[in-house]
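Colleague: Following this message is one structure expressed as structure tokens.
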Amino acid sequence: MQVDRRSFIGGVGALGALAASGEGAAAPAGKGRPNILFIMADDLGYADLSCTGSHHIRTPAIDSIGAQGVQLRQGYANSAICSPTRTALLTGCYQYRFPIGMEEPLGPGAPAGIGVPADRPTIASVLRAQGYRTKLVGKWHLGEPPRHSPLRHGYDEFFGIIEGAADYFRHHMVMGNKDVGVGLAEGDTPIERNGYLTDLFGDEAVKTIEAPDDTPFFLSLHFNAPHWPWEGREDAAIAPTLGASFHYNGGSLAKYKEMVEAMDQNVAKLLAALERSGKAANTIVIFTSDNGGERFSETWPFTGVKGELLEGGIRVPLLVRWPGHIAPGSTSDQVMISMDFLPTLLAMAGGDVKKAGTFDGIDLSAQLTGKVAPFDRTLYWRFRANGQAALRQGDWKYLMLGGKEHLFNLAQDERERADRAPDDPARLKAMRLQWDSWNAQMLAYPLGSYSEDVRDHYSDRY
């Protein structure tokens with residue numbers, strides 16, 4: 001039963017909800033602090049795991065995180081596209097508070113030097129202040145080094161790709177038949193290394209886990225899989241032939257399956273490394289995605305894709321394992337979103353969320369561990385392409401898409417087919433006005449900011 005209904009707008013309301021949501025599941029200070037392994041896929045749809053309903057992909061390692069912990073069916077990304085969600089994950093806030101969060105996604109046309117403000121607390125900096133060694137492996141996509149490298153935003157170490165995508169073998173974004181951008185880097189330095197990116201990232205994460213160091217770690221592993229270009233481990237010969245990483249004329253369901261299953265095999269290596277090193281019992285493991293699925297993905301039972309505020313564009317897999325704290329095989333109806341990870345993980349690490357800063361995300365550690373019942377949330381989204389807006393309040397969702405307003409009851413119709421707008425104009429108006437009030441507190445989209453239109457790449461949209 002849902003026991004605590006509330007709405008909040010902005011950081012002040014978020015802190016009020018934090019205080020009201022019950023005592024967190026904090027770890028004791030000192031050596032008992034848990035390690036944290038945060039794994040995020042790139043463009044993975046809700047139903048692309050076997051545990052969430054894939055028809056053809058098998059992901060036993062990722063599934064095991066939920067089987068040994070909790071699976072949340074109402075996990076959300078802060079945006080329907082990558083770098084805005086990563087902004088929210090990093091800051092614990094709505095991405096629309098920062099200019100970089102309104103680039104959908106961050107690309108070559110963005111203002112020079114754009115990034116998260118240097119004085120902003122981040123998920124890495126608040127955990128580092130708790131005594132954690134912090135490392136990011138994988139995709140960054142939040143600004144260029146040195147000014148906006150991960151090392152300037154709380155991470156002690158970085159190994160990964162700077163831009164929003166990279167060829168899996170060339171390790172750069174490819175445009176006009178040329179490698180562009182920084183590509184693969186270690187710290188702030190571009191490097192050359194042979195191998196398939198998914199495996200390189202998995203191997204680097206294993207090394208970090210097995211390092212002989214008793215300091216608790218926060219390891220954020222951001223795979224670029226299964227993001228385009230559509231390349232599996234055996235496709236090295238394809239890489240030199242691609243004129244552009246977007247690879248609009250490539251890919252297939254079979255290739256997508258290869259890419260997701262390669263990621264799962266690397267997750268298996270990580271879980272095995274935790275066991276070998278004796279760290280599994282004291283490590284929180286999280287798996288999620290940065291937005292909904294693209295092209296070859298499955299989002300059933302939801303409709304919509306990456307770039308849309310329909311549920312399929314923002315509902316993502318979310319699995320959390322914490323031995324001794326989260327009962328194996330648990331499920332939760334708690335609504336959780338990317339910006340909640342900062343306060344939630346800080347509380348799990350024994351930190352004081354209120355002292356760390358002001359966040360829009362809230363501490364849901366007590367809900368994840370089953371100490372407190374799930375409660376209703378009020379969450380907001382917007383997306384410039386096609387004039388999109390969304391508000392979820394409890395079970396109700398207001399949606400503006402393609403110039404039309406919609407109203408759905410997600411408890412009764414999670415596929416967003418039974419439009420209740422004509423039946424309940426008063427609720428529709430109230431939710432529209434509530435979204436307007438929230439939106440007035442966010443930054444306006446700058447003229448010329450980029451927003452990817454799915455209609456440019458799909459034959460079946462609108």
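Please note that chains go A, B, ... in the order of the structure tokens, that every chain numbers its residues from 1, and that ligands are numbered from 1 in the order shown.
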I need the strand (DSSP E or B) residues of range 178-406 of chain A per DSSP on the backbone, written as an MDAnalysis selection string.

Modeller: chainID A and resid 178:180 184:186 189:190 217:222 283:289 315 318:321 330:332 336:337 378:383 388:393 396:401 404:406

Colleague: Please report, as JSON, numbers by chain, each residue of range 156-357 of chain A to which DSSP assigns helix (DSSP H, G or I) when run on this structure's backbone.

Modeller: {"A": [197, 198, 199, 200, 201, 202, 203, 204, 205, 206, 207, 208, 209, 210, 239, 240, 241, 253, 254, 255, 256, 257, 258, 259, 260, 261, 262, 263, 264, 265, 266, 267, 268, 269, 270, 271, 272, 273, 274, 275, 276, 280, 281, 282, 311, 312, 313, 314, 338, 339, 340, 341, 342, 343, 344, 345, 346, 347, 348, 353, 354, 355, 356]}

Colleague: For Ser220 in chain A, which of A:Leu368, A:Leu142, A:Met40, A:Ile100 is the closest residue, counting only C-alpha atoms?

Modeller: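 Looking at the shortest contact to Ser220 in chain A, the residue is A:Met40.
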
Colleague: CA of Lys269 in chain A to CA of Ala124 in chain A: how many Å, to one decimal?

Modeller: 23.7 Å

Colleague: Under the rule that only C-alpha atoms are counted, which of A:Glu104, A:Asp352, A:Asp167, A:Glu204 is the nearest residue to Leu127 in chain A?

Modeller: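 Of A:Glu104, A:Asp352, A:Asp167, A:Glu204, the one nearest Leu127 in chain A is A:Asp352, counting only C-alpha atoms.
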
Colleague: Would you mind telling me which residue in A:Met348, A:Asp63, A:Phe169, A:Pro190 lies nearest to Pro145 in chain A when using only C-alpha atoms?

Modeller: A:Pro190

Colleague: To one decimal in Å, tell me the separation between CA of Gln388 in chain A and CA of Gly403 in chain A.

Modeller: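 Between these atoms lies a distance of 8.1 Å.
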
Colleague: Could you give me, as a compact mmCIF listing (two decimals) with N, CA, C and O atoms, in the first residue's frame, the residues within 10 Å of Glu192 in chain A, counting only C-alpha atoms and dropping anything in the same chain fewer than 2 positions from it?

Modeller:
```txt
# COMPACT_ATOMS: atom_id res chain seq x y z
N ARG A 170 37.94 1.41 -33.29
CA ARG A 170 38.75 2.60 -33.54
C ARG A 170 38.82 3.50 -32.30
O ARG A 170 39.71 4.34 -32.19
N HIS A 171 37.85 3.36 -31.41
CA HIS A 171 37.81 4.06 -30.11
C HIS A 171 37.67 5.57 -30.26
O HIS A 171 38.00 6.31 -29.34
N GLY A 183 38.40 10.75 -28.06
CA GLY A 183 38.36 9.29 -28.09
C GLY A 183 38.71 8.69 -26.75
O GLY A 183 38.37 9.21 -25.69
N LEU A 184 39.40 7.57 -26.78
CA LEU A 184 39.77 6.84 -25.57
C LEU A 184 40.84 7.61 -24.79
O LEU A 184 41.83 8.07 -25.37
N ALA A 185 40.64 7.73 -23.48
CA ALA A 185 41.57 8.50 -22.66
C ALA A 185 41.79 7.81 -21.32
O ALA A 185 40.93 7.07 -20.84
N GLU A 186 42.94 8.08 -20.74
CA GLU A 186 43.23 7.68 -19.36
C GLU A 186 43.55 8.96 -18.61
O GLU A 186 44.51 9.66 -18.97
N PRO A 190 44.78 11.32 -24.04
CA PRO A 190 44.35 10.34 -25.03
C PRO A 190 45.33 9.18 -25.10
O PRO A 190 46.55 9.37 -24.97
N ASN A 194 44.43 -1.57 -28.08
CA ASN A 194 43.71 -2.47 -28.96
C ASN A 194 42.62 -3.21 -28.21
O ASN A 194 42.79 -3.55 -27.03
N GLY A 195 41.52 -3.46 -28.89
CA GLY A 195 40.49 -4.28 -28.29
C GLY A 195 39.09 -3.74 -28.51
O GLY A 195 38.90 -2.61 -28.97
```

Colleague: Restricting the calculation to only C-alpha atoms: of A:Leu242, A:Leu106, A:Leu44, A:Ile114, which residue gets closest to Ser451 in chain A?

Modeller: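 Ranking A:Leu242, A:Leu106, A:Leu44, A:Ile114 by distance to Ser451 in chain A, first place goes to A:Leu106.
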
Colleague: With distances taken over only C-alpha atoms, which residue among A:Thr344, A:Thr358, A:Asn224, A:Asn78 lies nearest Leu391 in chain A?

Modeller: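 Of A:Thr344, A:Thr358, A:Asn224, A:Asn78, the one nearest Leu391 in chain A is A:Asn78, counting only C-alpha atoms.
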
Colleague: What does the distance from CA of Ile81 in chain A to CA of Asn291 in chain A come to in Å, to one decimal?

Modeller: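 Going from CA of Ile81 in chain A over to CA of Asn291 in chain A covers 5.6 Å.
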
Colleague: From the list A:Glu210, A:Glu144, A:Asp290, A:Glu103, which residue is nearest Ile39 in chain A when using only C-alpha atoms?

Modeller: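 The shortest atom-to-atom distance to Ile39 in chain A comes from A:Asp290.
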
Colleague: List the spatial neighbours of Gly143 in chain A as a list of chain:residue names - criterion: any atom at most 10 Å away, only C-alpha atoms, same-chain residues fewer than 5 positions off excluded.

Modeller: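 My list of contacting residues is A:Ser83, A:Ile100, A:Leu106, A:Gly107, A:Ala110, A:Ala112, A:Gly113, A:Ile114, A:Gly115, A:Val116, A:His148, A:Ser149, A:Pro150, A:Ile162, A:Glu163, A:Gly164.
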